[in-house]
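A quick write-up on the structure given underneath.
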Amino acid sequence: MQLPESVEKIIHTLENAGYEAYAVGGCVRDVMLGLTPDDWDITTSAEPEQVKSLFQRTIDTGIQHGTVTVRMDGKSFEVTTYRIDGKYEDGRHPEEVTFTKSLEEDLKRRDFTINAMAYNDSTGLVDLYGGQEDLEKKVIRCVGNPEERFTEDALRMMRAVRFAAKLDFSIEEETRRAITMLKDNLSKVSAERIQVELTKLITSDHPEKMYDLFDTGLTSVFFPEWDEAMICDQNTKHHMYTVGWHTIHVMENVRPDKAMRLAAMLHDIGKPVVKRSDKKDHSHFQGHPQMSDVMADRILRRLKYDNDTIHKVRMLVRYHDERPVLNDITVRRCMNEMDLDFADLFELKRADTLAQSTYMREEKLAYIDTFEKLYNANLNQCTDKKLLAVNGGDLIQAGIEKGPQMGRVIDRLLEDVIENPEENTRENLLDKAHKYDRLAKAGKLFLCFCAVILVFASCTQSAPQGNVSYRTPGTPAASADASGSATNTSSLNKVYIIEENDRKNDKLTVMNVVSLQEFRYPYTVLTEFLDKYGDTASVDDFKPGMPITFDAGGRYGTLTTVQKSDSLWERDDVTNYSFDESQEMMKIGNTEYHLPTTALFLDGNTITSLDDIETGVDSLRVVGNDKEIVSIAVDKGHGYLTLTDTKLFDGSLIEIGTTDIEEVSDGKSIALPVGTYNVTIANNGWGGTKKVRIKKNVDSYLSLDSMKGSGPKKCRLTFEIGVKGAKIYLDGKEVRKNKEMSVNYGDHNLTVVADGYDTWSRTLVVNSKKATIALDISDSKEGNSSSSSGTTSGTTSSGTRSGTTPSGTTGTTSGSTSTGTTADTSSSGSSSSSKSEKDKAEEDYLSTLADSIVNSLSSSSD
C-alpha cells in the first residue's frame with residue numbers, strides 16, 4: 001500500500017520518537033478498494049501533548065478526545081491517540097475517554113470491520129476483525145456485537161446504510177437486524193448529525209439505498225413522510241411505481257448535487273397527503289406540487305439545512321410539474337416568476353419523466369425540449385425589473401412620486417415589456433409610466449393587469465380567479481340573481497359547463513354553474529382528460545354543454561386534468577322534448593323541468609338561444625341539477641330537404657327514412673335531423689327510392705322528377721288477415737285475401753269490414769315490386785277505447801327497407817305500416833310508425849323512470 005509522502009513523514013516522525021503510528025480507518029479501506037481517500041487519519045500511541053511536541057504546526061481539534069490536527073506540506077491530518085471509550089449514556093457520546101497503548105483496544109471500539117484496519121510500512125496491514133474479507137464479500141458488518149456498537153452511538157445505524165450506498169455493499173444480516181431493533185435510539189441523535197449522513201447517502205452513486213433507511217425503520221424516526229411515500233401506490237397510466245420508488249429513480253436520474261438530490265427526494269413528498277381515488281380506484285394527486293413545497297420546507301428546516309439550500313430545493317419542488325403554454329410570452333413570464341436555475345429545472349423535469357411509465361414519454365420529453373429551446377431563445381430578453389430601460393430614479397426625475405404606487409407602475413411596465421420586448425425603450429416606458437401614474441391616482445390602474453396576473457394564480461382553489469374569457473363566440477353569461485340559479489351550490493362551485501373546445505388553439509372556455517362567470521384555459525399534450533369514472537378519454541370527447549371539473553395546477557393557467565363531472569345529471573340524444581317559454585319550462589318525456597333565463601344554449605362552439613332549436617328535430621344534450629336545466633346543447637342538429645319538380649307526385653305521400661311521411665307539394669321544405677336517409681316516392685305507377693344526405697343548417701334540394709323511373713310500375717301484392725269473414729276493399733273494390741294481384745305504385749284506399757269490428761281504413765302506399773301485407777285490425781274491435789269513433793284510419797306503406805326485413809314477415813299496428821323496397825329488393829313486410837295508447841303509456845313510464853334514476857344518481861353524487 002502506497003502512503004502519501006506527508007502521511008509517511010508523520011508516521012516516521014512518531015516512530016522515530018518511540019511511538020506507534022498507523023494510517024487508520026476509511027483511508028485504508030478506500031486504498032484497498034482502489035479509491036482515492038478524501039482524507040487521511042493517523043492513530044498513535046503518543047498522547048496529544050507528545051504529538052504536539054513533535055510537530056511545528058498543530059491545531060487542538062478535539063484534544064479532550066485525543067485528536068490533534070497536524071499541518072504538513074500545506075495539508076491537514078488528524079492524529080488521534082489510541083483510546084478506549086467509556087460508557088455511552090446518551091447514545092451519542094462516551095462519558096469519558098481513556099488513552100491506551102494498545103492498537104487492538106483502539107480498533108475494537110470502531111464501528112465497522114472495513115473501518116477497523118490500520119497500516120504502516122514497517123508492520124503492514126493490521127486487520128484484527130476481518131475487514132479485508134468483508135471488503136471482498138462487499139458487506140457492512142459491525143466490529144463485535146452490533147447491538148453494543150449501535151447502543152454506543154445510534155448514528156452508526158445511518159452510517160451503515162450510508163456506507164452501503166457509497167460502496168454499493170449490502171448490510172450483514174446480524175447488523176441489519178440490530179438496526180431494525182434499535183432504530184428508535186436514532187431520536188437521541190441531533191438533527192445536524194443526521195443531516196450530514198443523509199446528505200452523504202443521497203449524493204452517493206446509489207441513492208436507491210434510501211429504501212434501506214425505510215426497510216430498517218430508520219426513516220420512521222426522522223423522516224416519516226418518506227415511509228408514507230414508499231407505500232403510496234400510484235394507480236395511473238402515467239406511473240408504474242409507488243411514490244417512493246418513483247422518487248428513488250428520479251434521484252438516480254439527476255446529478256449527485258446536494259440541492260438536486262434533495263429536490264428529487266422531495267418533489268412528490270406531498271402526494272400521499274393529497275391522493276384521492278375515483279370510482280375505478282384510479283389515483284389522482286391534484287395540488288401535489290404545492291403540498292410538496294410546503295412539506296419540503298418543514299422537513300428541511302427540521303433537519304437543519306441552511307436557508308440557501310432550502311430556497312433552491314423549494315423552488316425546484318414547487319415548479320417541477322409546471323406545464324405552461326409553450327410560447328415566448330408565457331416562457332418569459334416563467335423566467336420572471338421562477339426564482340431558480342432553469343437548467344436545474346429541466347434536468348429535474350426530465351428525470352421525473354424518465355422515472356414514470358412509458359405512457360406519452362416521448363411527448364413529455366419533447367415538451368421539455370421545446371420549453372428549454374424557448375427559454376434559451378429568450379435569455380437576452382427583459383424579464384426582470386433590473387433590465388428595464390428605466391428605473392425608480394428615472395421615474396422620480398419624471399415627476400412620479402416615490403412609494404407603493406411607483407412600484408405598481410414599474411410592475412405594469414415590466415409586464416408590458418414581457419409581452420412586447422420591443423417596448424423596452426426609455427422614451428416609451430416614461431410615456432407609459434405617466435399614463436399609468438394618472439390611472440393609479442384615479443383608482444383605475446391595473447383592472448386589466450389584475451386579469452393578467454390572475455392567470456398566474458394557483459388554480460387549485462374552489463373557483464378560478466383568472467383567465468376571464470374574451471371569447472368571440474357568444475357573449476359573457478349574465479350574472480346569477482341573488483338567490484342563485486342552481487341548488488346545492490356548495491357542491492357545485494367546482495363544476496363548469498364547456499362553452500367552447502377550441503381544438504385549433506387548444507383552449508377550453510367554460511362557465512361556472514354557480515357564478516355563471518366564464519373562464520378560458522389552455523391545455524397541452526400533457527393535459528389529462530378523464531371520463532367520470534377516471535378512465536382516459538379523448539379531448540374530442542369533451543363537447544360543448546358537457547359538465548366538467550378541472551385542475552389547472554400551476555401558476556400559468558394550463559389545465560393539467562379535466563374530468564367529466566357526475567355532480568349534474570346529463571342526458572344525451574334527447575329527442576322527445578318541448579318548451580313553454582311563458583312558463584319557463586322544458587318537458588322531457590312527461591317530466592317537467594324549470595328552464596331559467598340563465599340556462600346556457602349551445603350549438604357546437606357557438607352560444608345560441610331557444611329560438612335556434614328545431615323542436616322535435618334536433619337531438620339535444622341536456623344538463624341539469626335536480627329539476628332545473630343548466631345547459632342545452634344541440635347534440636345532432638338539423639337541415640332542410642326542399643322538394644322540387646313535384647308535378648307528377650303532388651298530393652301523394654313521400655317517405656323519408658322509416659318514420660317521416662309527408663304529403664308532397666312543390667317547394668315544400670321539411671326539417672330533418674342531420675343524417676342520410678332513404679327517400680321513397682310512389683304515385684300512379686311511378687316512383688322509386690333515392691339516398692339523400694342532410695347537412696347541418698343546409699338546404700338540400702330533391703327533384704322528384706328524377707325519381708319517377710320507368711313506368712308505370714306495378715306491385716304483386718297479397719293480403720293476409722286472421723279475422724274470419726273479414727272483407728278487404730282496395731280503392732272501393734273487394735279483393736280476396738291470400739291471392740296475389742297487380743297494383744300500381746302510388747296511394748290507394750284500403751278498408752276492412754268485419755263483424756264485431758269498426759270499419760278499419762288506411763291509405764296504402766305501394767312502392768315495391770312485391771309485398772305481402774298482414775292486416776291486423778285488432779285496434780278497431782268494438783268497445784276498444786282507441787276506436788270509439790267507429791272508424792280507425794291512418795297510413796300504411798308496403799315494402800321493406802334495404803332488404804332488412806325477410807320476405808313473408810308480417811305484423812302491423814294502427815298507424816303507418818311500411819312495405820316499400822329499394823332497388824333489386826324483392827322481400828316484403830311491414831313496420832309501425834305510429835303507437836297505440838298502450839305503447840305511448842309504456843314510453844311515458846320508461847321516460848319517467850329514467851328521469852327518476854338520473855335524479856337519484858345526481859342527488860347521491862352531491
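Each chain of the C-alpha cells is named A, B, ... in the order shown, its residues numbered from 1; ligands are numbered from 1 in display order.
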
Could I get the residues of stretch 101-143 of chain A with an atom no further than 12 Å from an atom of stretch 174-178 of chain A, each paired with its nearest atom pair and that distance in Å to one decimal, using only C-alpha atoms, sorted by chain and residue number, as a Markdown table?
```
| residue | atom | partner | partner_atom | distance |
| --- | --- | --- | --- | --- |
| A:Asp111 | CA | A:Thr175 | CA | 10.8 |
| A:Phe112 | CA | A:Thr175 | CA | 9.6 |
| A:Thr113 | CA | A:Thr175 | CA | 11.4 |
| A:Val139 | CA | A:Thr175 | CA | 10.0 |
| A:Ile140 | CA | A:Thr175 | CA | 7.8 |
| A:Arg141 | CA | A:Thr175 | CA | 5.9 |
| A:Cys142 | CA | A:Thr175 | CA | 6.2 |
| A:Val143 | CA | A:Thr175 | CA | 9.7 |
```

From a DSSP pass on the backbone, collect the residues of stretch 90-246 of chain A flagged as strand (DSSP E or B) and hand them back as a PDB file with C-alpha atoms, in the first residue's frame.
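result-v4.pdb, freshly written:
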```
ATOM      1  CA  PRO A  94     -18.961   8.368  25.772  1.00  0.00           C
ATOM      2  CA  VAL A  97     -12.245   8.672  27.077  1.00  0.00           C
ATOM      3  CA  THR A  98      -9.246   6.702  28.338  1.00  0.00           C
ATOM      4  CA  PHE A  99      -5.948   6.691  26.415  1.00  0.00           C
ATOM      5  CA  PHE A 112     -17.466  -1.469  11.123  1.00  0.00           C
ATOM      6  CA  MET A 117      -7.957  -1.702   9.707  1.00  0.00           C
ATOM      7  CA  ALA A 118      -4.587   0.038  10.163  1.00  0.00           C
ATOM      8  CA  TYR A 119      -1.406   0.196   8.089  1.00  0.00           C
ATOM      9  CA  ASN A 120       2.185   1.370   8.151  1.00  0.00           C
ATOM     10  CA  GLY A 124       1.968  -3.796   7.087  1.00  0.00           C
ATOM     11  CA  LEU A 125      -1.811  -4.297   7.292  1.00  0.00           C
ATOM     12  CA  VAL A 126      -3.330  -4.793  10.744  1.00  0.00           C
ATOM     13  CA  ASP A 127      -6.771  -6.443  10.321  1.00  0.00           C
ATOM     14  CA  VAL A 139     -20.724  -6.377   3.240  1.00  0.00           C
ATOM     15  CA  ILE A 140     -21.072  -3.860   6.047  1.00  0.00           C
ATOM     16  CA  CYS A 142     -20.115  -4.267  12.866  1.00  0.00           C
ATOM     17  CA  SER A 170     -25.047  -4.920   1.461  1.00  0.00           C
ATOM     18  CA  ILE A 171     -25.565  -4.872   5.218  1.00  0.00           C
TER      19      ILE A 171
END
```

Next on the checklist: When you look at A:Glu208 with a cut-off of 10 Å (counting only C-alpha atoms), what residues show up, excluding the ones that are within fewer than 5 positions of it in the same chain? I need them as a list in words.
Outcome noted: Ala165, Asp168, Leu201, Ile202, Leu213, Trp245, Thr247, Ile248, His249, Val250, Met251 and Glu252 of chain A

Given the selection you just returned, output its residues as a file containing all heavy atoms, formatted as a short mmCIF file (atom, residue, chain, number, x, y, z; two decimals), in the first residue's frame.
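Produced file again22.cif, reproduced below:
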```
data_model
loop_
_atom_site.label_atom_id
_atom_site.label_comp_id
_atom_site.auth_asym_id
_atom_site.auth_seq_id
_atom_site.Cartn_x
_atom_site.Cartn_y
_atom_site.Cartn_z
N ALA A 165 -24.43 2.63 0.62
CA ALA A 165 -24.71 3.43 -0.57
C ALA A 165 -23.43 3.89 -1.26
O ALA A 165 -23.30 3.85 -2.48
CB ALA A 165 -25.55 4.65 -0.19
N ASP A 168 -21.76 0.55 -2.53
CA ASP A 168 -22.65 -0.43 -3.16
C ASP A 168 -22.49 -1.79 -2.51
O ASP A 168 -22.38 -2.83 -3.16
CB ASP A 168 -22.40 -0.53 -4.67
CG ASP A 168 -23.53 -1.27 -5.39
OD1 ASP A 168 -24.65 -1.33 -4.83
OD2 ASP A 168 -23.29 -1.79 -6.50
N LEU A 201 -25.51 10.14 1.92
CA LEU A 201 -26.18 8.99 1.31
C LEU A 201 -26.81 9.37 -0.03
O LEU A 201 -26.60 8.70 -1.04
CB LEU A 201 -27.23 8.44 2.27
CG LEU A 201 -27.91 7.11 1.91
CD1 LEU A 201 -28.49 6.45 3.15
CD2 LEU A 201 -29.00 7.25 0.87
N ILE A 202 -27.59 10.44 -0.03
CA ILE A 202 -28.36 10.75 -1.25
C ILE A 202 -27.46 11.30 -2.36
O ILE A 202 -27.85 11.25 -3.54
CB ILE A 202 -29.51 11.74 -0.97
CG1 ILE A 202 -28.99 13.10 -0.53
CG2 ILE A 202 -30.48 11.15 0.03
CD1 ILE A 202 -30.07 14.15 -0.37
N LEU A 213 -33.03 2.68 4.38
CA LEU A 213 -33.44 3.50 5.52
C LEU A 213 -34.89 3.24 5.88
O LEU A 213 -35.26 3.21 7.05
CB LEU A 213 -33.26 4.99 5.19
CG LEU A 213 -31.84 5.55 5.15
CD1 LEU A 213 -31.87 7.04 4.87
CD2 LEU A 213 -31.09 5.29 6.45
N TRP A 245 -40.64 4.66 -4.79
CA TRP A 245 -39.73 4.07 -5.78
C TRP A 245 -39.61 4.97 -7.01
O TRP A 245 -38.54 5.07 -7.61
CB TRP A 245 -40.18 2.67 -6.17
CG TRP A 245 -39.62 1.64 -5.24
CD1 TRP A 245 -40.30 0.89 -4.34
CD2 TRP A 245 -38.25 1.28 -5.11
NE1 TRP A 245 -39.45 0.07 -3.65
CE2 TRP A 245 -38.17 0.27 -4.10
CE3 TRP A 245 -37.07 1.68 -5.72
CZ2 TRP A 245 -36.97 -0.31 -3.71
CZ3 TRP A 245 -35.86 1.11 -5.33
CH2 TRP A 245 -35.82 0.12 -4.34
N THR A 247 -39.65 8.16 -6.80
CA THR A 247 -38.74 9.20 -6.32
C THR A 247 -37.29 8.72 -6.34
O THR A 247 -36.38 9.47 -6.73
CB THR A 247 -39.14 9.62 -4.90
OG1 THR A 247 -40.47 10.17 -4.93
CG2 THR A 247 -38.18 10.66 -4.34
N ILE A 248 -37.07 7.49 -5.94
CA ILE A 248 -35.71 6.94 -5.96
C ILE A 248 -35.15 6.96 -7.38
O ILE A 248 -33.99 7.34 -7.62
CB ILE A 248 -35.70 5.52 -5.38
CG1 ILE A 248 -35.86 5.58 -3.85
CG2 ILE A 248 -34.42 4.77 -5.76
CD1 ILE A 248 -36.05 4.23 -3.18
N HIS A 249 -35.97 6.58 -8.35
CA HIS A 249 -35.50 6.58 -9.74
C HIS A 249 -35.25 8.01 -10.24
O HIS A 249 -34.35 8.22 -11.06
CB HIS A 249 -36.51 5.86 -10.63
CG HIS A 249 -36.59 4.39 -10.36
ND1 HIS A 249 -35.47 3.58 -10.33
CD2 HIS A 249 -37.65 3.57 -10.10
CE1 HIS A 249 -35.83 2.34 -10.07
NE2 HIS A 249 -37.15 2.31 -9.92
N VAL A 250 -36.04 8.97 -9.76
CA VAL A 250 -35.77 10.36 -10.13
C VAL A 250 -34.42 10.77 -9.55
O VAL A 250 -33.60 11.43 -10.24
CB VAL A 250 -36.88 11.30 -9.60
CG1 VAL A 250 -36.53 12.76 -9.89
CG2 VAL A 250 -38.21 10.96 -10.25
N MET A 251 -34.13 10.40 -8.32
CA MET A 251 -32.85 10.72 -7.69
C MET A 251 -31.68 10.11 -8.47
O MET A 251 -30.62 10.73 -8.63
CB MET A 251 -32.83 10.23 -6.24
CG MET A 251 -33.83 10.95 -5.34
SD MET A 251 -34.00 10.16 -3.72
CE MET A 251 -32.43 10.61 -2.97
N GLU A 252 -31.88 8.93 -8.97
CA GLU A 252 -30.83 8.28 -9.77
C GLU A 252 -30.58 9.02 -11.08
O GLU A 252 -29.48 8.95 -11.64
CB GLU A 252 -31.23 6.83 -10.07
CG GLU A 252 -31.23 5.92 -8.85
CD GLU A 252 -31.76 4.53 -9.17
OE1 GLU A 252 -32.70 4.42 -9.98
OE2 GLU A 252 -31.24 3.56 -8.59
#
```

Which residues come within 9 Å of A:Phe150, counting only C-alpha atoms, excluding same-chain residues fewer than 2 positions away, as a JSON list (two decimals) with N, CA, C and O atoms, in the first residue's frame?
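Dumped everything to result.json:
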```
[["chain", "number", "residue", "atom", "x", "y", "z"],
["A", 91, "GLY", "N", -26.36, 7.66, 24.07],
["A", 91, "GLY", "CA", -26.42, 7.10, 22.72],
["A", 91, "GLY", "C", -25.71, 7.96, 21.72],
["A", 91, "GLY", "O", -25.89, 7.79, 20.51],
["A", 111, "ASP", "N", -16.58, 1.34, 14.44],
["A", 111, "ASP", "CA", -17.94, 0.92, 14.08],
["A", 111, "ASP", "C", -17.99, -0.35, 13.23],
["A", 111, "ASP", "O", -18.60, -1.36, 13.61],
["A", 142, "CYS", "N", -20.63, -4.94, 11.68],
["A", 142, "CYS", "CA", -20.11, -4.27, 12.87],
["A", 142, "CYS", "C", -18.91, -5.00, 13.44],
["A", 142, "CYS", "O", -18.76, -6.22, 13.31],
["A", 145, "ASN", "N", -20.14, -7.04, 18.71],
["A", 145, "ASN", "CA", -21.60, -7.13, 18.87],
["A", 145, "ASN", "C", -22.26, -5.88, 18.29],
["A", 145, "ASN", "O", -22.05, -4.77, 18.78],
["A", 146, "PRO", "N", -23.07, -6.04, 17.25],
["A", 146, "PRO", "CA", -23.68, -4.85, 16.63],
["A", 146, "PRO", "C", -24.60, -4.08, 17.57],
["A", 146, "PRO", "O", -24.69, -2.86, 17.48],
["A", 147, "GLU", "N", -25.28, -4.78, 18.48],
["A", 147, "GLU", "CA", -26.16, -4.07, 19.41],
["A", 147, "GLU", "C", -25.36, -3.13, 20.31],
["A", 147, "GLU", "O", -25.79, -2.02, 20.62],
["A", 148, "GLU", "N", -24.15, -3.60, 20.73],
["A", 148, "GLU", "CA", -23.30, -2.75, 21.56],
["A", 148, "GLU", "C", -22.81, -1.53, 20.76],
["A", 148, "GLU", "O", -22.80, -0.41, 21.26],
["A", 152, "GLU", "N", -23.81, 2.37, 21.62],
["A", 152, "GLU", "CA", -22.78, 3.38, 21.90],
["A", 152, "GLU", "C", -23.07, 4.68, 21.13],
["A", 152, "GLU", "O", -23.00, 5.76, 21.69],
["A", 153, "ASP", "N", -23.37, 4.55, 19.87],
["A", 153, "ASP", "CA", -23.66, 5.73, 19.04],
["A", 153, "ASP", "C", -24.72, 5.33, 18.01],
["A", 153, "ASP", "O", -24.43, 4.60, 17.06],
["A", 154, "ALA", "N", -25.95, 5.84, 18.20],
["A", 154, "ALA", "CA", -27.07, 5.45, 17.35],
["A", 154, "ALA", "C", -26.87, 5.92, 15.90],
["A", 154, "ALA", "O", -27.45, 5.34, 14.97],
["A", 155, "LEU", "N", -26.06, 6.95, 15.68],
["A", 155, "LEU", "CA", -25.86, 7.42, 14.32],
["A", 155, "LEU", "C", -25.16, 6.37, 13.47],
["A", 155, "LEU", "O", -25.26, 6.41, 12.23],
["A", 156, "ARG", "N", -24.48, 5.42, 14.11],
["A", 156, "ARG", "CA", -23.81, 4.37, 13.35],
["A", 156, "ARG", "C", -24.79, 3.56, 12.50],
["A", 156, "ARG", "O", -24.40, 3.00, 11.48],
["A", 157, "MET", "N", -26.06, 3.54, 12.90],
["A", 157, "MET", "CA", -27.05, 2.82, 12.10],
["A", 157, "MET", "C", -27.24, 3.50, 10.75],
["A", 157, "MET", "O", -27.33, 2.84, 9.71],
["A", 178, "ALA", "N", -29.97, -5.72, 14.05],
["A", 178, "ALA", "CA", -29.74, -4.84, 15.20],
["A", 178, "ALA", "C", -30.24, -3.42, 14.89],
["A", 178, "ALA", "O", -30.77, -2.73, 15.77],
["A", 179, "ILE", "N", -30.06, -2.97, 13.65],
["A", 179, "ILE", "CA", -30.56, -1.64, 13.27],
["A", 179, "ILE", "C", -32.07, -1.58, 13.43],
["A", 179, "ILE", "O", -32.62, -0.63, 14.01],
["A", 182, "LEU", "N", -33.03, -1.44, 17.12],
["A", 182, "LEU", "CA", -32.61, -0.27, 17.90],
["A", 182, "LEU", "C", -32.88, 1.05, 17.19],
["A", 182, "LEU", "O", -32.38, 2.09, 17.60],
["A", 185, "ASN", "N", -33.47, 4.50, 18.86],
["A", 185, "ASN", "CA", -32.37, 5.22, 19.51],
["A", 185, "ASN", "C", -31.88, 6.39, 18.67],
["A", 185, "ASN", "O", -31.22, 7.30, 19.18]]
```

Checklist entry - Between A:Leu526, A:Glu95, A:Phe542, A:Gly624, which one has atoms that come closest to A:Arg571, using only C-alpha atoms? => result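 Using only C-alpha atoms, the shortest distance to A:Arg571 belongs to A:Gly624.
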
Checklist entry - For the atom pair atom CA of A:Leu516 and atom CA of A:Leu600, what is the interatomic distance in Å to one decimal place? => result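 Rounded to one decimal, the two atoms are 9.4 Å apart.
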
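With atom CA of A:Phe214 on one side and atom CA of A:Leu262 on the other, the separation reads 16.4 Å.
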
Item to check | Long-range neighbours of A:Met72 as a VMD selection string, 9 Å cut-off, only C-alpha atoms, 2 positions minimum in chain | outcome: chain A and resid 6 to 7 9 to 10 55 57 70 74 to 77

Take the residues from that selection and put them in a file with N, CA and C atoms, as a tab-separated table (two decimals), in the first residue's frame.
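Result written to again_2.tsv:
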```tsv
chain	number	residue	atom	x	y	z
A	6	SER	N	3.38	12.90	2.84
A	6	SER	CA	3.13	13.64	4.08
A	6	SER	C	2.73	12.69	5.20
A	7	VAL	N	1.91	11.68	4.87
A	7	VAL	CA	1.49	10.70	5.87
A	7	VAL	C	2.70	9.89	6.35
A	9	LYS	N	5.77	10.91	6.46
A	9	LYS	CA	6.59	11.77	7.31
A	9	LYS	C	6.05	11.79	8.72
A	10	ILE	N	4.70	11.92	8.88
A	10	ILE	CA	4.11	11.98	10.22
A	10	ILE	C	4.33	10.66	10.95
A	55	PHE	N	5.74	18.26	16.29
A	55	PHE	CA	5.45	18.94	15.02
A	55	PHE	C	5.36	20.45	15.26
A	57	ARG	N	3.60	22.77	13.54
A	57	ARG	CA	2.29	23.39	13.40
A	57	ARG	C	1.19	22.37	13.72
A	70	VAL	N	-2.43	17.97	12.58
A	70	VAL	CA	-1.06	18.30	12.21
A	70	VAL	C	-1.06	18.90	10.81
A	74	GLY	N	1.26	21.91	3.75
A	74	GLY	CA	0.08	22.67	3.36
A	74	GLY	C	-1.23	21.93	3.52
A	75	LYS	N	-1.19	20.76	4.11
A	75	LYS	CA	-2.40	19.96	4.29
A	75	LYS	C	-2.60	19.64	5.77
A	76	SER	N	-3.85	19.24	6.09
A	76	SER	CA	-4.19	18.92	7.48
A	76	SER	C	-4.40	17.42	7.64
A	77	PHE	N	-3.87	16.87	8.74
A	77	PHE	CA	-4.03	15.45	9.03
A	77	PHE	C	-4.38	15.29	10.50
```

Next on the checklist: Considering only C-alpha atoms, can you say which of A:Arg302, A:His239, A:Arg736, A:Arg426 comes closest to A:Phe223?
Outcome noted: A:Arg302

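The space between atom CA of A:Val196 and atom CA of A:Ala263 spans 16.3 Å.
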
Item to check | Minimum-distance residue to A:Leu387, chosen among A:Asp134, A:Asp278, A:Ala296, A:Asn336 (using only C-alpha atoms) | outcome: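 Distance minimum relative to A:Leu387 lands on A:Asn336.
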